Amino acid sequence: MLGAAIDRILTIIDEASRECLALVVSRQLRHEDVLTALADLFIGRGPPAHIRSDNGSEFIATAVRTWLGQIDVKTLYIALGSPWENDYNESFNGSLRDELLNGEIFYSFAEAKVLIEAWRRHYNTVRPHSSLGYRPPAPDAVTPPLPTSGSASLHLRPTMAAETTMH
């Protein structure tokens with residue numbers, strides 16, 4: 001549950017590896033937010049051949065389409081009312097909701113960003129995925145598990161809070 005004013009989460013997932021590349025938490029998403037998140041990822045990983053997205057205004061904005069065209073990234077838009085065209089992302093969003101959002105009340109925007117980023121790291125490095133032979137998508141970044149606290153909430157190691165980078 002979102003107690004703080006968080007209305008949107010931009011999820012960016014690598015369809016091939018199943019890794020969640022970014023979860024951008026925002027009160028609203030604009031095309032500038034999409035461009036910033038994509039540019040950060042493309043600088044670190046290189047641009048992909050294509051990106052798949054829904055037809056939200058932040059994705060079909062002329063600035064986003066123009067920028068992607070300039071760097072030769074093709075777009076695959078999902079038809080309205082056709083979530084099966086983006087089945088992996090829909091499944092991911094369900095996991096995010098079931099495993100984190102439905103069980104948390106975020107009392108501040110900052111708390112939501114930190115806990116959502118911690119969940120993303122756990123999803124990528126620890127959580128087993130049946131589609132990957134019950135391995136996480138990015139196990140090379142695995143860290144030893146925390147001792148069980150008895151709480152359903154995710155807890156950050158003291159060093160994780162300092163490492164977390166948000167946009």
# chains A, B, ... in the order shown; residues from 1 in each chain; ligands from 1

$ residues_around --residues "A:Val34" --least-positions-apart "3" --cutoff "8 Å" --atoms "only C-alpha atoms" --output "short mmCIF file (atom, residue, chain, number, x, y, z; two decimals) with all heavy atoms, in the first residue's frame"
data_model
loop_
_atom_site.label_atom_id
_atom_site.label_comp_id
_atom_site.auth_asym_id
_atom_site.auth_seq_id
_atom_site.Cartn_x
_atom_site.Cartn_y
_atom_site.Cartn_z
N LEU A 10 7.96 3.22 -12.99
CA LEU A 10 8.41 2.83 -14.31
C LEU A 10 9.27 1.58 -14.14
O LEU A 10 10.29 1.62 -13.45
CB LEU A 10 9.22 3.95 -14.96
CG LEU A 10 9.95 3.62 -16.26
CD1 LEU A 10 8.98 3.26 -17.36
CD2 LEU A 10 10.84 4.79 -16.67
N LEU A 29 4.94 10.32 -14.12
CA LEU A 29 6.00 10.02 -15.08
C LEU A 29 5.79 10.88 -16.32
O LEU A 29 4.70 10.91 -16.88
CB LEU A 29 5.97 8.54 -15.48
CG LEU A 29 6.51 7.57 -14.46
CD1 LEU A 29 6.27 6.13 -14.91
CD2 LEU A 29 7.99 7.80 -14.21
N ARG A 30 6.86 11.53 -16.70
CA ARG A 30 6.85 12.36 -17.91
C ARG A 30 7.87 11.78 -18.88
O ARG A 30 8.69 10.95 -18.52
CB ARG A 30 7.21 13.80 -17.56
CG ARG A 30 6.26 14.45 -16.56
CD ARG A 30 6.72 15.87 -16.20
NE ARG A 30 8.15 15.97 -16.03
CZ ARG A 30 8.79 15.96 -14.85
NH1 ARG A 30 8.12 15.84 -13.74
NH2 ARG A 30 10.11 16.07 -14.80
N HIS A 31 7.82 12.24 -20.10
CA HIS A 31 8.77 11.71 -21.08
C HIS A 31 10.21 12.01 -20.67
O HIS A 31 11.11 11.23 -20.96
CB HIS A 31 8.46 12.23 -22.49
CG HIS A 31 8.80 13.65 -22.73
ND1 HIS A 31 7.95 14.68 -22.44
CD2 HIS A 31 9.93 14.20 -23.24
CE1 HIS A 31 8.52 15.82 -22.76
NE2 HIS A 31 9.72 15.57 -23.25
N ALA A 37 15.98 7.76 -17.52
CA ALA A 37 16.20 6.36 -17.14
C ALA A 37 16.83 5.57 -18.29
O ALA A 37 17.78 4.81 -18.07
CB ALA A 37 14.87 5.72 -16.72
N LEU A 38 16.32 5.74 -19.50
CA LEU A 38 16.88 5.02 -20.64
C LEU A 38 18.30 5.46 -20.93
O LEU A 38 19.18 4.62 -21.20
CB LEU A 38 15.98 5.18 -21.86
CG LEU A 38 14.61 4.54 -21.79
CD1 LEU A 38 13.81 4.85 -23.06
CD2 LEU A 38 14.71 3.04 -21.56
N GLU A 58 3.95 9.09 -21.85
CA GLU A 58 5.38 9.29 -21.59
C GLU A 58 6.26 8.48 -22.54
O GLU A 58 7.43 8.79 -22.73
CB GLU A 58 5.73 8.98 -20.13
CG GLU A 58 5.56 7.53 -19.73
CD GLU A 58 4.15 7.18 -19.26
OE1 GLU A 58 3.22 7.98 -19.40
OE2 GLU A 58 3.99 6.07 -18.73
N PHE A 59 5.71 7.44 -23.18
CA PHE A 59 6.48 6.61 -24.11
C PHE A 59 6.29 7.01 -25.56
O PHE A 59 7.18 6.83 -26.37
CB PHE A 59 6.11 5.13 -23.96
CG PHE A 59 6.58 4.54 -22.68
CD1 PHE A 59 5.69 4.29 -21.66
CD2 PHE A 59 7.91 4.25 -22.48
CE1 PHE A 59 6.11 3.75 -20.47
CE2 PHE A 59 8.35 3.72 -21.29
CZ PHE A 59 7.44 3.47 -20.28
N VAL A 64 10.73 11.24 -27.07
CA VAL A 64 11.22 9.88 -26.82
C VAL A 64 11.40 9.14 -28.14
O VAL A 64 12.44 8.53 -28.39
CB VAL A 64 10.27 9.10 -25.88
CG1 VAL A 64 10.68 7.64 -25.76
CG2 VAL A 64 10.22 9.76 -24.51
#

$ closest_atom_pairs --of "stretch 58-104 of chain A" --to "stretch 127-134 of chain A" --cutoff "12 Å" --atoms "only C-alpha atoms" --output "JSON lines"
{"residue": "A:Tyr88", "atom": "CA", "partner": "A:Ser131", "partner_atom": "CA", "distance": 10.5}
{"residue": "A:Ser91", "atom": "CA", "partner": "A:His129", "partner_atom": "CA", "distance": 11.7}
{"residue": "A:Phe92", "atom": "CA", "partner": "A:His129", "partner_atom": "CA", "distance": 10.8}
{"residue": "A:Ser95", "atom": "CA", "partner": "A:Arg127", "partner_atom": "CA", "distance": 11.1}
{"residue": "A:Glu99", "atom": "CA", "partner": "A:Arg127", "partner_atom": "CA", "distance": 10.9}

$ atom_distance --atom1 "atom CA of A:Val24" --atom2 "atom CA of A:Ile9"
5.4 Å

$ residues_around --residues "A:Lys113" --least-positions-apart "2" --cutoff "9 Å" --atoms "only C-alpha atoms" --output "VMD selection string"
chain A and resid 23 to 26 108 to 111 115 to 118 166

$ write_last_selection --atoms "N, CA, C and O atoms" --output "PDB file, in the first residue's frame"
ATOM      1  N   LEU A  23      13.708   0.531 -11.533  1.00  0.00           N
ATOM      2  CA  LEU A  23      12.364   0.823 -11.041  1.00  0.00           C
ATOM      3  C   LEU A  23      12.378   2.296 -10.657  1.00  0.00           C
ATOM      4  O   LEU A  23      12.979   2.677  -9.651  1.00  0.00           O
ATOM      5  N   VAL A  24      11.772   3.111 -11.485  1.00  0.00           N
ATOM      6  CA  VAL A  24      11.761   4.554 -11.263  1.00  0.00           C
ATOM      7  C   VAL A  24      10.466   4.907 -10.545  1.00  0.00           C
ATOM      8  O   VAL A  24       9.382   4.774 -11.108  1.00  0.00           O
ATOM      9  N   VAL A  25      10.591   5.334  -9.298  1.00  0.00           N
ATOM     10  CA  VAL A  25       9.439   5.670  -8.465  1.00  0.00           C
ATOM     11  C   VAL A  25       9.174   7.164  -8.610  1.00  0.00           C
ATOM     12  O   VAL A  25      10.083   7.974  -8.464  1.00  0.00           O
ATOM     13  N   SER A  26       7.920   7.506  -8.876  1.00  0.00           N
ATOM     14  CA  SER A  26       7.607   8.911  -9.119  1.00  0.00           C
ATOM     15  C   SER A  26       6.163   9.220  -8.738  1.00  0.00           C
ATOM     16  O   SER A  26       5.335   8.328  -8.636  1.00  0.00           O
ATOM     17  N   SER A 108       6.922   7.716   3.579  1.00  0.00           N
ATOM     18  CA  SER A 108       7.523   8.852   2.878  1.00  0.00           C
ATOM     19  C   SER A 108       7.930   8.411   1.483  1.00  0.00           C
ATOM     20  O   SER A 108       8.099   7.212   1.210  1.00  0.00           O
ATOM     21  N   PHE A 109       8.114   9.373   0.632  1.00  0.00           N
ATOM     22  CA  PHE A 109       8.553   9.105  -0.730  1.00  0.00           C
ATOM     23  C   PHE A 109       9.949   8.486  -0.710  1.00  0.00           C
ATOM     24  O   PHE A 109      10.222   7.529  -1.426  1.00  0.00           O
ATOM     25  N   ALA A 110      10.824   9.006   0.141  1.00  0.00           N
ATOM     26  CA  ALA A 110      12.186   8.484   0.245  1.00  0.00           C
ATOM     27  C   ALA A 110      12.186   7.029   0.704  1.00  0.00           C
ATOM     28  O   ALA A 110      12.935   6.198   0.180  1.00  0.00           O
ATOM     29  N   GLU A 111      11.346   6.699   1.686  1.00  0.00           N
ATOM     30  CA  GLU A 111      11.264   5.320   2.162  1.00  0.00           C
ATOM     31  C   GLU A 111      10.807   4.390   1.041  1.00  0.00           C
ATOM     32  O   GLU A 111      11.353   3.300   0.852  1.00  0.00           O
ATOM     33  N   LEU A 115      13.058   1.184  -0.296  1.00  0.00           N
ATOM     34  CA  LEU A 115      12.548  -0.190  -0.177  1.00  0.00           C
ATOM     35  C   LEU A 115      12.280  -0.830  -1.534  1.00  0.00           C
ATOM     36  O   LEU A 115      12.518  -2.023  -1.728  1.00  0.00           O
ATOM     37  N   ILE A 116      11.808  -0.051  -2.483  1.00  0.00           N
ATOM     38  CA  ILE A 116      11.559  -0.574  -3.823  1.00  0.00           C
ATOM     39  C   ILE A 116      12.883  -0.928  -4.501  1.00  0.00           C
ATOM     40  O   ILE A 116      12.998  -1.966  -5.148  1.00  0.00           O
ATOM     41  N   GLU A 117      13.905  -0.106  -4.319  1.00  0.00           N
ATOM     42  CA  GLU A 117      15.225  -0.418  -4.874  1.00  0.00           C
ATOM     43  C   GLU A 117      15.809  -1.662  -4.207  1.00  0.00           C
ATOM     44  O   GLU A 117      16.423  -2.511  -4.873  1.00  0.00           O
ATOM     45  N   ALA A 118      15.636  -1.810  -2.898  1.00  0.00           N
ATOM     46  CA  ALA A 118      16.127  -3.004  -2.195  1.00  0.00           C
ATOM     47  C   ALA A 118      15.421  -4.249  -2.729  1.00  0.00           C
ATOM     48  O   ALA A 118      16.064  -5.293  -2.924  1.00  0.00           O
ATOM     49  N   MET A 166      19.327   6.601  -6.715  1.00  0.00           N
ATOM     50  CA  MET A 166      17.976   6.890  -7.223  1.00  0.00           C
ATOM     51  C   MET A 166      18.054   8.040  -8.230  1.00  0.00           C
ATOM     52  O   MET A 166      18.928   8.867  -8.161  1.00  0.00           O
TER      53      MET A 166
END

$ atom_distance --atom1 "atom CA of A:Tyr77" --atom2 "atom CA of A:Ala61"
12.4 Å

$ select_by_dssp --residues "stretch 2-81 of chain A" --states "alpha helix (DSSP H)" --output "JSON, numbers by chain"
{"A": [31, 32, 33, 34, 35, 36, 37, 38, 39, 40, 41, 42, 43, 44, 45, 57, 58, 59, 60, 62, 63, 64, 65, 66, 67, 68, 69, 70]}

$ closest_residue --among "A:Val126, A:Leu35, A:Ile43, A:Ala79" --to "A:Arg65" --atoms "only C-alpha atoms"
A:Leu35
